[in-house]
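Enquirer: Sharing protein_7.csv below, CSV, C-alpha atoms and all ligand atoms:
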chain,number,residue,atom,x,y,z
A,1,MET,CA,-90.4,-55.5,68.6
A,2,THR,CA,-92.0,-57.2,71.5
A,3,THR,CA,-89.8,-57.1,74.6
A,4,LEU,CA,-90.5,-60.8,75.3
A,5,LEU,CA,-88.5,-62.0,72.2
A,6,LEU,CA,-85.1,-63.3,73.1
A,7,PRO,CA,-82.4,-61.4,71.2
A,8,TRP,CA,-81.3,-64.6,69.4
A,9,HIS,CA,-84.8,-65.2,68.0
A,10,THR,CA,-85.5,-61.8,66.5
A,11,THR,CA,-83.9,-62.4,63.1
A,12,PHE,CA,-86.1,-65.4,62.4
A,13,PHE,CA,-89.2,-63.7,63.7
A,14,GLU,CA,-88.7,-60.8,61.4
A,15,GLN,CA,-87.8,-63.0,58.4
A,16,TRP,CA,-90.9,-65.2,59.0
A,17,HIS,CA,-93.2,-62.2,59.1
A,18,ALA,CA,-91.5,-60.7,55.9
A,19,GLN,CA,-92.2,-63.9,53.9
A,20,SER,CA,-94.9,-63.5,51.3
A,21,GLN,CA,-95.3,-67.3,50.8
A,22,ARG,CA,-95.5,-69.4,53.8
A,23,SER,CA,-95.6,-73.1,54.4
A,24,HIS,CA,-98.5,-74.5,56.4
A,25,ALA,CA,-96.1,-76.4,58.7
A,26,TYR,CA,-92.8,-75.5,60.2
A,27,LEU,CA,-90.4,-77.6,62.0
A,28,LEU,CA,-88.2,-75.4,64.2
A,29,ILE,CA,-85.1,-77.0,65.4
A,30,ALA,CA,-83.7,-75.2,68.5
A,31,PRO,CA,-81.0,-76.2,70.9
A,32,GLU,CA,-82.6,-77.5,74.1
A,33,ASP,CA,-83.4,-74.9,76.8
A,34,THR,CA,-82.7,-71.9,74.7
A,35,GLY,CA,-86.3,-70.6,74.7
A,36,GLY,CA,-87.7,-72.3,71.6
A,37,GLU,CA,-90.9,-73.2,73.4
A,38,ALA,CA,-91.6,-69.6,74.4
A,39,PHE,CA,-90.7,-68.4,70.9
A,40,LEU,CA,-93.4,-70.7,69.5
A,41,HIS,CA,-96.0,-69.0,71.7
A,42,GLN,CA,-94.7,-65.6,70.7
A,43,LEU,CA,-95.1,-66.5,67.0
A,44,ALA,CA,-98.6,-67.7,67.7
A,45,ALA,CA,-99.4,-64.5,69.6
A,46,SER,CA,-98.1,-62.4,66.7
A,47,VAL,CA,-100.4,-64.3,64.3
A,48,LEU,CA,-103.5,-64.3,66.5
A,49,CYS,CA,-103.3,-60.6,67.4
A,50,GLU,CA,-106.0,-58.7,65.5
A,51,LYS,CA,-104.2,-55.4,65.5
A,52,PRO,CA,-100.4,-56.2,65.6
A,53,ASN,CA,-97.9,-53.4,65.8
A,54,ALA,CA,-95.8,-52.4,62.8
A,55,ASP,CA,-93.0,-54.7,64.0
A,56,HIS,CA,-95.6,-57.6,64.3
A,57,ALA,CA,-95.5,-57.6,68.0
A,58,PRO,CA,-98.9,-58.4,69.5
A,59,CYS,CA,-100.8,-55.3,70.7
A,60,GLY,CA,-101.8,-56.9,74.0
A,61,SER,CA,-105.3,-55.3,74.0
A,62,CYS,CA,-107.4,-56.7,71.1
A,63,SER,CA,-109.8,-59.5,71.8
A,64,GLY,CA,-107.4,-62.0,70.2
A,65,CYS,CA,-104.7,-61.0,72.7
A,66,GLN,CA,-107.1,-61.0,75.6
A,67,LEU,CA,-108.4,-64.5,74.8
A,68,LEU,CA,-104.8,-65.6,74.5
A,69,ALA,CA,-103.9,-64.1,77.9
A,70,ALA,CA,-106.9,-66.0,79.4
A,71,TYR,CA,-105.7,-69.3,77.8
A,72,SER,CA,-109.0,-69.5,75.9
A,73,HIS,CA,-108.2,-68.5,72.4
A,74,PRO,CA,-110.4,-70.9,70.3
A,75,ASP,CA,-108.0,-70.8,67.3
A,76,LEU,CA,-104.9,-71.9,69.2
A,77,ARG,CA,-104.1,-75.5,70.1
A,78,VAL,CA,-101.0,-76.5,72.1
A,79,LEU,CA,-99.9,-80.1,72.0
A,80,ARG,CA,-97.4,-80.8,74.6
A,81,PRO,CA,-97.0,-83.5,77.2
A,82,SER,CA,-99.7,-82.8,79.8
A,83,ILE,CA,-97.2,-83.2,82.6
A,84,LEU,CA,-96.1,-79.7,81.6
A,85,ASP,CA,-99.5,-78.4,82.6
A,86,ALA,CA,-99.6,-80.0,86.1
A,87,ASN,CA,-99.3,-76.5,87.6
A,88,HIS,CA,-101.3,-74.7,85.0
A,89,PRO,CA,-102.5,-71.3,86.2
A,90,VAL,CA,-106.1,-72.2,85.1
A,91,GLU,CA,-107.1,-75.1,87.4
A,92,GLU,CA,-109.5,-76.7,84.8
A,93,LEU,CA,-106.6,-77.0,82.4
A,94,ARG,CA,-104.5,-79.2,84.7
A,95,PRO,CA,-104.5,-82.8,83.6
A,96,GLU,CA,-106.1,-85.5,85.6
A,97,LYS,CA,-103.5,-88.0,84.6
A,98,PRO,CA,-100.3,-86.1,83.6
A,99,SER,CA,-98.5,-87.8,80.7
A,100,LYS,CA,-94.9,-87.4,79.6
A,101,HIS,CA,-95.9,-87.9,76.0
A,102,ILE,CA,-98.2,-86.3,73.4
A,103,THR,CA,-100.8,-88.9,72.9
A,104,ILE,CA,-103.1,-89.9,70.1
A,105,ASP,CA,-106.1,-88.5,72.0
A,106,ASP,CA,-104.4,-85.1,72.0
A,107,VAL,CA,-104.0,-85.3,68.2
A,108,ARG,CA,-107.6,-86.5,67.7
A,109,GLU,CA,-108.8,-83.6,69.6
A,110,LEU,CA,-106.8,-81.4,67.3
A,111,ALA,CA,-108.5,-82.9,64.3
A,112,ASN,CA,-111.9,-81.8,65.7
A,113,MET,CA,-110.6,-78.2,65.9
A,114,VAL,CA,-109.0,-78.0,62.5
A,115,ASN,CA,-112.0,-79.5,60.7
A,116,GLN,CA,-114.2,-76.7,61.9
A,117,THR,CA,-114.0,-73.2,60.5
A,118,SER,CA,-111.9,-70.7,62.5
A,119,HIS,CA,-113.8,-69.2,65.4
A,120,ARG,CA,-112.5,-65.7,64.9
A,121,GLY,CA,-112.2,-65.8,61.1
A,122,GLY,CA,-108.5,-65.6,61.1
A,123,THR,CA,-105.6,-68.1,61.0
A,124,ARG,CA,-105.6,-71.0,63.4
A,125,VAL,CA,-102.3,-72.0,65.0
A,126,VAL,CA,-101.2,-75.3,66.3
A,127,LEU,CA,-98.0,-75.6,68.4
A,128,ILE,CA,-96.5,-79.0,69.0
A,129,TYR,CA,-93.5,-79.4,71.3
A,130,PRO,CA,-91.3,-81.1,72.0
A,131,ALA,CA,-92.2,-82.9,68.8
A,132,HIS,CA,-90.2,-86.0,69.8
A,133,LYS,CA,-92.7,-86.6,72.6
A,134,LEU,CA,-95.3,-87.5,70.1
A,135,ASN,CA,-95.7,-91.2,70.6
A,136,LEU,CA,-95.8,-93.4,67.5
A,137,ASN,CA,-99.6,-93.5,67.3
A,138,ALA,CA,-99.9,-89.8,67.8
A,139,ALA,CA,-97.2,-89.1,65.2
A,140,ASN,CA,-99.0,-91.2,62.6
A,141,ALA,CA,-102.3,-89.5,63.4
A,142,LEU,CA,-100.6,-86.1,63.0
A,143,LEU,CA,-99.1,-87.2,59.8
A,144,LYS,CA,-102.6,-87.6,58.3
A,145,THR,CA,-103.5,-84.1,59.3
A,146,LEU,CA,-100.3,-82.7,57.8
A,147,GLU,CA,-100.8,-84.6,54.6
A,148,GLU,CA,-104.2,-83.0,54.0
A,149,PRO,CA,-103.6,-79.6,55.6
A,150,PRO,CA,-106.7,-77.8,56.7
A,151,ALA,CA,-107.1,-74.3,55.3
A,152,ASN,CA,-105.8,-71.3,57.2
A,153,THR,CA,-104.0,-73.3,59.8
A,154,LEU,CA,-100.3,-73.0,60.7
A,155,PHE,CA,-98.5,-75.8,62.4
A,156,PHE,CA,-95.3,-75.0,64.3
A,157,LEU,CA,-93.4,-78.0,65.6
A,158,LEU,CA,-90.4,-77.7,67.8
A,159,ALA,CA,-87.6,-80.3,68.1
A,160,HIS,CA,-84.1,-80.2,69.5
A,161,ASP,CA,-82.9,-82.8,67.1
A,162,ALA,CA,-84.6,-83.7,63.8
A,163,LYS,CA,-83.2,-87.3,64.1
A,164,GLN,CA,-85.7,-87.9,66.9
A,165,LEU,CA,-88.6,-87.5,64.5
A,166,LEU,CA,-90.3,-89.7,61.9
A,167,PRO,CA,-88.8,-88.8,58.5
A,168,THR,CA,-92.4,-88.7,57.2
A,169,ILE,CA,-93.3,-85.9,59.6
A,170,ILE,CA,-90.1,-84.0,58.8
A,171,SER,CA,-90.8,-84.2,55.1
A,172,ARG,CA,-94.2,-82.5,55.5
A,173,CYS,CA,-92.7,-79.5,57.3
A,174,GLN,CA,-90.4,-76.6,56.3
A,175,ARG,CA,-87.4,-77.0,58.4
A,176,VAL,CA,-85.8,-74.0,60.2
A,177,HIS,CA,-82.8,-74.0,62.5
A,178,LEU,CA,-83.3,-71.4,65.3
A,179,SER,CA,-80.1,-69.7,66.5
A,180,ARG,CA,-78.5,-70.5,69.8
A,181,PRO,CA,-77.5,-67.5,72.0
A,182,SER,CA,-73.9,-66.2,71.7
A,183,THR,CA,-72.0,-66.4,74.9
A,184,ALA,CA,-72.3,-62.7,75.4
A,185,GLN,CA,-76.1,-62.9,74.9
A,186,ALA,CA,-76.4,-65.8,77.3
A,187,ILE,CA,-74.4,-64.0,80.0
A,188,ALA,CA,-76.4,-60.8,79.5
A,189,TYR,CA,-79.6,-62.8,79.9
A,190,LEU,CA,-78.4,-64.5,83.1
A,191,ASN,CA,-77.2,-61.2,84.6
A,192,GLN,CA,-80.6,-59.7,83.8
A,193,HIS,CA,-82.8,-62.5,85.1
A,194,CYS,CA,-80.7,-64.1,87.9
A,195,GLY,CA,-78.3,-61.4,89.0
A,196,ASP,CA,-74.6,-61.0,88.3
A,197,ASN,CA,-72.5,-64.1,89.0
A,198,PRO,CA,-68.9,-64.7,88.1
A,199,ASN,CA,-69.7,-68.4,87.4
A,200,TRP,CA,-72.0,-67.9,84.5
A,201,LEU,CA,-69.5,-68.8,81.8
A,202,ASN,CA,-68.5,-71.9,83.7
A,203,ASP,CA,-72.2,-72.9,84.2
A,204,LEU,CA,-73.0,-72.3,80.6
A,205,THR,CA,-70.0,-74.4,79.5
A,206,GLN,CA,-71.2,-77.3,81.7
A,207,GLU,CA,-74.8,-77.0,80.3
A,208,ASN,CA,-73.6,-76.7,76.7
A,209,GLY,CA,-74.9,-73.2,76.4
A,210,ALA,CA,-78.5,-74.1,77.5
A,211,VAL,CA,-79.0,-70.6,79.0
A,212,LEU,CA,-82.6,-71.2,80.3
A,213,ARG,CA,-81.5,-74.4,81.9
A,214,VAL,CA,-78.7,-72.6,83.7
A,215,ALA,CA,-81.2,-69.9,84.9
A,216,GLN,CA,-83.7,-72.6,86.0
A,217,LEU,CA,-81.1,-74.8,87.7
A,218,HIS,CA,-79.8,-71.7,89.5
A,219,SER,CA,-83.1,-71.5,91.4
A,220,THR,CA,-82.8,-75.1,92.6
A,221,ASN,CA,-80.2,-77.1,94.6
A,222,TYR,CA,-78.7,-78.5,91.4
A,223,PHE,CA,-75.4,-76.7,91.5
A,224,THR,CA,-75.1,-77.3,95.3
A,225,LEU,CA,-75.6,-81.1,94.7
A,226,GLN,CA,-73.1,-81.0,91.8
A,227,THR,CA,-70.5,-79.4,94.0
A,228,GLN,CA,-71.2,-82.0,96.8
A,229,PHE,CA,-70.8,-84.8,94.2
A,230,ILE,CA,-67.5,-83.4,92.8
A,231,HIS,CA,-66.1,-82.8,96.2
A,232,ALA,CA,-66.7,-86.4,97.0
A,233,LEU,CA,-65.1,-87.6,93.7
A,234,ALA,CA,-62.1,-85.3,94.5
A,235,GLN,CA,-61.3,-87.6,97.4
A,236,GLY,CA,-60.3,-90.4,95.0
A,237,LYS,CA,-59.7,-93.7,96.7
A,238,ASP,CA,-60.8,-92.2,100.1
A,239,MET,CA,-64.2,-91.4,98.9
A,240,ASP,CA,-67.0,-93.2,100.7
A,241,ALA,CA,-68.7,-94.7,97.7
A,242,LEU,CA,-71.5,-96.4,99.6
A,243,LYS,CA,-72.4,-93.3,101.5
A,244,LEU,CA,-72.4,-91.1,98.3
A,245,ALA,CA,-74.6,-93.7,96.5
A,246,GLU,CA,-77.1,-93.6,99.3
A,247,GLN,CA,-77.2,-89.8,99.4
A,248,PHE,CA,-77.6,-89.5,95.6
A,249,ASP,CA,-80.2,-92.3,95.5
A,250,LYS,CA,-82.3,-90.1,97.8
A,251,HIS,CA,-81.6,-86.9,95.8
A,252,ILE,CA,-82.6,-88.6,92.6
A,253,LYS,CA,-85.8,-90.0,94.1
A,254,ASP,CA,-86.6,-86.5,95.5
A,255,ALA,CA,-86.0,-84.9,92.2
A,256,ASP,CA,-88.2,-87.5,90.4
A,257,LYS,CA,-91.0,-86.8,92.9
A,258,ALA,CA,-90.7,-83.1,92.3
A,259,TYR,CA,-90.7,-83.7,88.5
A,260,LEU,CA,-93.9,-85.8,88.7
A,261,SER,CA,-95.6,-83.0,90.6
A,262,GLY,CA,-94.9,-80.6,87.7
A,263,GLU,CA,-91.6,-79.1,88.7
A,264,ALA,CA,-88.7,-78.9,86.2
A,265,ARG,CA,-86.4,-81.9,86.1
A,266,THR,CA,-83.1,-81.3,87.9
A,267,LEU,CA,-81.4,-84.5,88.8
A,268,ASP,CA,-81.7,-88.0,87.4
A,269,MET,CA,-79.4,-90.9,86.7
A,270,GLY,CA,-78.2,-89.5,83.5
A,271,VAL,CA,-77.1,-86.2,85.1
A,272,THR,CA,-75.2,-88.0,87.8
A,273,LEU,CA,-73.5,-90.2,85.2
A,274,MET,CA,-72.7,-87.1,83.2
A,275,TRP,CA,-71.0,-85.4,86.2
A,276,LEU,CA,-68.9,-88.5,86.6
A,277,GLN,CA,-68.0,-88.7,82.9
A,278,ARG,CA,-67.0,-85.0,82.9
A,279,TRP,CA,-64.9,-85.4,85.9
A,280,LEU,CA,-63.1,-88.3,84.3
A,281,HIS,CA,-62.8,-86.4,81.1
A,282,ASP,CA,-61.0,-83.5,82.9
A,283,GLY,CA,-59.0,-86.0,85.0
A,284,LEU,CA,-57.7,-87.7,81.8
A,285,LEU,CA,-56.8,-84.4,80.3
A,286,THR,CA,-54.8,-83.7,83.4
A,287,ALA,CA,-53.2,-87.2,83.5
A,288,GLN,CA,-52.0,-86.8,80.0
A,289,GLY,CA,-51.0,-83.2,80.4
A,290,VAL,CA,-53.0,-82.2,77.3
A,291,GLY,CA,-54.9,-79.0,77.9
A,292,THR,CA,-56.8,-77.5,80.8
A,293,PRO,CA,-60.0,-79.0,82.4
A,294,ARG,CA,-63.0,-78.3,80.3
A,295,TYR,CA,-65.8,-78.7,82.8
A,296,TYR,CA,-64.4,-78.4,86.3
A,297,ALA,CA,-61.6,-75.7,85.8
A,298,GLN,CA,-62.5,-74.4,89.3
A,299,HIS,CA,-61.4,-77.8,90.7
A,300,ALA,CA,-58.1,-77.9,88.8
A,301,LYS,CA,-56.1,-78.3,92.0
A,302,ALA,CA,-58.0,-81.4,93.1
A,303,LEU,CA,-57.8,-82.8,89.5
A,304,THR,CA,-54.0,-82.3,89.5
A,305,SER,CA,-53.4,-84.0,92.8
A,306,LEU,CA,-55.6,-87.0,91.8
A,307,PHE,CA,-54.7,-87.5,88.2
A,308,LYS,CA,-51.3,-86.0,87.5
A,309,ASN,CA,-48.5,-88.6,87.3
A,310,MET,CA,-51.2,-91.4,87.2
A,311,PRO,CA,-49.5,-94.7,86.2
A,312,THR,CA,-50.3,-95.7,82.5
A,313,SER,CA,-52.1,-98.8,83.6
A,314,LEU,CA,-54.6,-96.7,85.7
A,315,VAL,CA,-55.0,-94.2,82.9
A,316,GLN,CA,-56.0,-97.1,80.7
A,317,ARG,CA,-58.4,-98.2,83.3
A,318,ALA,CA,-59.9,-94.7,83.5
A,319,HIS,CA,-60.3,-94.7,79.7
A,320,ALA,CA,-62.1,-98.1,79.9
A,321,MET,CA,-64.4,-96.7,82.6
A,322,GLN,CA,-65.3,-93.7,80.4
A,323,ASN,CA,-66.2,-96.0,77.6
A,324,MET,CA,-68.3,-98.1,79.9
A,325,LEU,CA,-70.1,-94.9,81.2
A,326,LEU,CA,-70.9,-94.0,77.6
A,327,LYS,CA,-72.7,-97.3,77.2
A,328,GLU,CA,-74.4,-96.8,80.6
A,329,GLN,CA,-75.6,-93.4,79.6
A,330,ARG,CA,-77.8,-95.0,77.0
A,331,THR,CA,-79.6,-97.2,79.5
A,332,SER,CA,-79.7,-94.7,82.4
A,333,GLU,CA,-83.3,-93.7,81.9
A,334,HIS,CA,-84.5,-97.1,83.1
A,335,PRO,CA,-82.3,-98.3,85.9
A,336,LEU,CA,-83.6,-101.2,87.9
A,337,ASN,CA,-82.2,-100.1,91.2
A,338,ILE,CA,-80.6,-96.6,91.4
A,339,LYS,CA,-78.7,-97.3,94.6
A,340,ILE,CA,-77.0,-100.5,93.5
A,341,TRP,CA,-76.2,-99.0,90.1
A,342,LEU,CA,-74.5,-96.0,91.8
A,343,GLU,CA,-72.7,-98.2,94.3
A,344,LYS,CA,-71.2,-100.2,91.4
A,345,LEU,CA,-70.1,-97.2,89.5
A,346,LEU,CA,-68.7,-95.3,92.4
A,347,LEU,CA,-66.8,-98.3,93.8
A,348,GLN,CA,-65.3,-98.8,90.4
A,349,TYR,CA,-64.2,-95.2,90.4
A,350,THR,CA,-62.4,-95.5,93.7
A,351,GLN,CA,-60.4,-98.4,92.3
A,352,LEU,CA,-58.8,-96.0,89.8
A,353,PHE,CA,-56.5,-94.6,92.4
B,1,ZN,ZN,-103.7,-57.9,69.8
As structure tokens - that is how I would like this structure written.
Ligand SMILES: [Zn+2]

Expert:
Amino acid sequence: MTTLLLPWHTTFFEQWHAQSQRSHAYLLIAPEDTGGEAFLHQLAASVLCEKPNADHAPCGSCSGCQLLAAYSHPDLRVLRPSILDANHPVEELRPEKPSKHITIDDVRELANMVNQTSHRGGTRVVLIYPAHKLNLNAANALLKTLEEPPANTLFFLLAHDAKQLLPTIISRCQRVHLSRPSTAQAIAYLNQHCGDNPNWLNDLTQENGAVLRVAQLHSTNYFTLQTQFIHALAQGKDMDALKLAEQFDKHIKDADKAYLSGEARTLDMGVTLMWLQRWLHDGLLTAQGVGTPRYYAQHAKALTSLFKNMPTSLVQRAHAMQNMLLKEQRTSEHPLNIKIWLEKLLLQYTQLF
């Protein structure tokens, strides 16, 4: 087995290769940030290798493997938002105008490829991820290709939630749910790639088991900023809401700039809102004496001093705030003014105490 495969993907990899009858299009549904994208490329590599090992791992030395390593295999197409290629190792493959979506031009270009015969005489592979980034025109154009599938062409689409896709696209694909890592697998992965850390379980819980996101965030200032934010919230009514809003307005703008230059997204409005929601969630558990903090167990002392013995009227107000945050979460992608929005929320928070 290729050493690159993540342990939670090996079963499907083996099953897929063992199938005698294959669909021409697969929709793989994988929890976000658990390596589904890399797995798609590993599947493609195993198909495009001209002399694969007995376990279907690519040999790494045939011309198919070499073309793939040089990003120039003529029988592979990868459709993904071009912003992901902003720092592509091959300079010519970096987009002039990075897009956050998969556009109709991307899909049209794909049609040119699949309508010609395969360059190397084998199977052609098309990877599309994340599939919900296909804009509506692109999805409709792709639908036409999937309805009249070209010969010897395999489509692998990756999504995190099938509900985000057009039902017509879903119905043209064989749907497969990829496993998520077990906690033990995720911790072993993090220990191996980022070094031992007693907080892994805690970080994984906070990120809903998204192991690659934890690994990636670990290399940024994300957890430092989160701690800074939580320490401020822990001050309750003494928190300087305006100062915190100003700081995080800047952090969010910095993170957005970094994202637009091709770095992974770390902080945005939604994340800030999520931290506040989780803090309130843990606070309400503490106030009602029902269970231990789920997200911020390491701040149990601060939660207790703020929320324990909270008067019923304020508990109700905290509940109302949580409901309001849920509604805000849905619009947080397009705030008009980050700073004013943060000030409003954080001032409201200080009034809970
Ligand atoms: Zn090979």

Enquirer: Counting all atoms listed in the file, which residues of chain A sit at most 12 Å from some atom of ligand ZN 1 (chain B), and what is each one's closest atom pair with its distance in Å to one decimal, listed by chain and rising residue number, as JSON lines?

Expert:
{"residue": "A:Thr2", "atom": "CA", "partner": "B:ZN1", "partner_atom": "ZN", "distance": 11.8}
{"residue": "A:Gln42", "atom": "CA", "partner": "B:ZN1", "partner_atom": "ZN", "distance": 11.9}
{"residue": "A:Ala44", "atom": "CA", "partner": "B:ZN1", "partner_atom": "ZN", "distance": 11.2}
{"residue": "A:Ala45", "atom": "CA", "partner": "B:ZN1", "partner_atom": "ZN", "distance": 7.9}
{"residue": "A:Ser46", "atom": "CA", "partner": "B:ZN1", "partner_atom": "ZN", "distance": 7.8}
{"residue": "A:Val47", "atom": "CA", "partner": "B:ZN1", "partner_atom": "ZN", "distance": 9.1}
{"residue": "A:Leu48", "atom": "CA", "partner": "B:ZN1", "partner_atom": "ZN", "distance": 7.2}
{"residue": "A:Cys49", "atom": "CA", "partner": "B:ZN1", "partner_atom": "ZN", "distance": 3.6}
{"residue": "A:Glu50", "atom": "CA", "partner": "B:ZN1", "partner_atom": "ZN", "distance": 4.9}
{"residue": "A:Lys51", "atom": "CA", "partner": "B:ZN1", "partner_atom": "ZN", "distance": 5.0}
{"residue": "A:Pro52", "atom": "CA", "partner": "B:ZN1", "partner_atom": "ZN", "distance": 5.6}
{"residue": "A:Asn53", "atom": "CA", "partner": "B:ZN1", "partner_atom": "ZN", "distance": 8.4}
{"residue": "A:Ala54", "atom": "CA", "partner": "B:ZN1", "partner_atom": "ZN", "distance": 11.9}
{"residue": "A:His56", "atom": "CA", "partner": "B:ZN1", "partner_atom": "ZN", "distance": 9.8}
{"residue": "A:Ala57", "atom": "CA", "partner": "B:ZN1", "partner_atom": "ZN", "distance": 8.4}
{"residue": "A:Pro58", "atom": "CA", "partner": "B:ZN1", "partner_atom": "ZN", "distance": 4.8}
{"residue": "A:Cys59", "atom": "CA", "partner": "B:ZN1", "partner_atom": "ZN", "distance": 4.0}
{"residue": "A:Gly60", "atom": "CA", "partner": "B:ZN1", "partner_atom": "ZN", "distance": 4.7}
{"residue": "A:Ser61", "atom": "CA", "partner": "B:ZN1", "partner_atom": "ZN", "distance": 5.2}
{"residue": "A:Cys62", "atom": "CA", "partner": "B:ZN1", "partner_atom": "ZN", "distance": 4.1}
{"residue": "A:Ser63", "atom": "CA", "partner": "B:ZN1", "partner_atom": "ZN", "distance": 6.6}
{"residue": "A:Gly64", "atom": "CA", "partner": "B:ZN1", "partner_atom": "ZN", "distance": 5.5}
{"residue": "A:Cys65", "atom": "CA", "partner": "B:ZN1", "partner_atom": "ZN", "distance": 4.4}
{"residue": "A:Gln66", "atom": "CA", "partner": "B:ZN1", "partner_atom": "ZN", "distance": 7.4}
{"residue": "A:Leu67", "atom": "CA", "partner": "B:ZN1", "partner_atom": "ZN", "distance": 9.5}
{"residue": "A:Leu68", "atom": "CA", "partner": "B:ZN1", "partner_atom": "ZN", "distance": 9.1}
{"residue": "A:Ala69", "atom": "CA", "partner": "B:ZN1", "partner_atom": "ZN", "distance": 10.2}
{"residue": "A:His73", "atom": "CA", "partner": "B:ZN1", "partner_atom": "ZN", "distance": 11.8}

Enquirer: For range 6-46 of chain A against range 186-200 of chain A, with a cut-off of 10 Å and counting only C-alpha atoms, what is the closest atom pair and its distance in Å to one decimal for every residue that makes the cut, ordered by chain and number, as JSON lines?

Expert:
{"residue": "A:Leu6", "atom": "CA", "partner": "A:Tyr189", "partner_atom": "CA", "distance": 8.8}
{"residue": "A:Pro7", "atom": "CA", "partner": "A:Tyr189", "partner_atom": "CA", "distance": 9.2}
{"residue": "A:Trp8", "atom": "CA", "partner": "A:Ala186", "partner_atom": "CA", "distance": 9.4}
{"residue": "A:Thr34", "atom": "CA", "partner": "A:Ala186", "partner_atom": "CA", "distance": 9.1}

Enquirer: With only C-alpha atoms as the atoms that count, which of A:Ser23, A:Thr304, A:Gln288, A:Gln277 lies nearest to Arg175 in chain A?

Expert: A:Ser23

Enquirer: Kindly indicate which residue among A:Thr10, A:Asn337, A:Gln185, A:Asn309 lies nearest to Lys253 in chain A, using only C-alpha atoms for the distances.

Expert: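 When distances to Lys253 in chain A are compared using only C-alpha atoms, the smallest one comes from A:Asn337.
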
Enquirer: Give one line per residue of range 131-229 of chain A that approaches range 111-119 of chain A to at most 8 Å, naming the two atoms of the closest pair and their distance in Å to one decimal, counting only C-alpha atoms; sort by chain then ascending residue number and deliver it as a Markdown table.

Expert:
| residue | atom | partner | partner_atom | distance |
| --- | --- | --- | --- | --- |
| A:Thr145 | CA | A:Ala111 | CA | 7.2 |
| A:Pro150 | CA | A:Val114 | CA | 6.2 |
| A:Thr153 | CA | A:Val114 | CA | 7.4 |

Enquirer: Ranking A:Asp203, A:Asp75, A:Asp161, A:Asp240 by minimum distance to Ala30 in chain A and counting all atoms listed in the file, which one comes first?

Expert: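 Once distances to Ala30 in chain A are computed over all atoms listed in the file, the minimum belongs to A:Asp161.
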
Enquirer: Using all atoms listed in the file, can you tell me which of A:Ala210, A:Ile230, A:Ala184, A:Val126 comes closest to Leu154 in chain A?

Expert: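 Using all atoms listed in the file, the shortest distance to Leu154 in chain A belongs to A:Val126.
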
Enquirer: Which centre and edge lengths in Å to one decimal define the box along x, y and z that fits every listed atom of range 119-127 of chain A plus 5 Å per side, as JSON?

Expert:
{"center_x": -105.9, "center_y": -70.6, "center_z": 64.7, "size_x": 25.8, "size_y": 20.0, "size_z": 17.4}
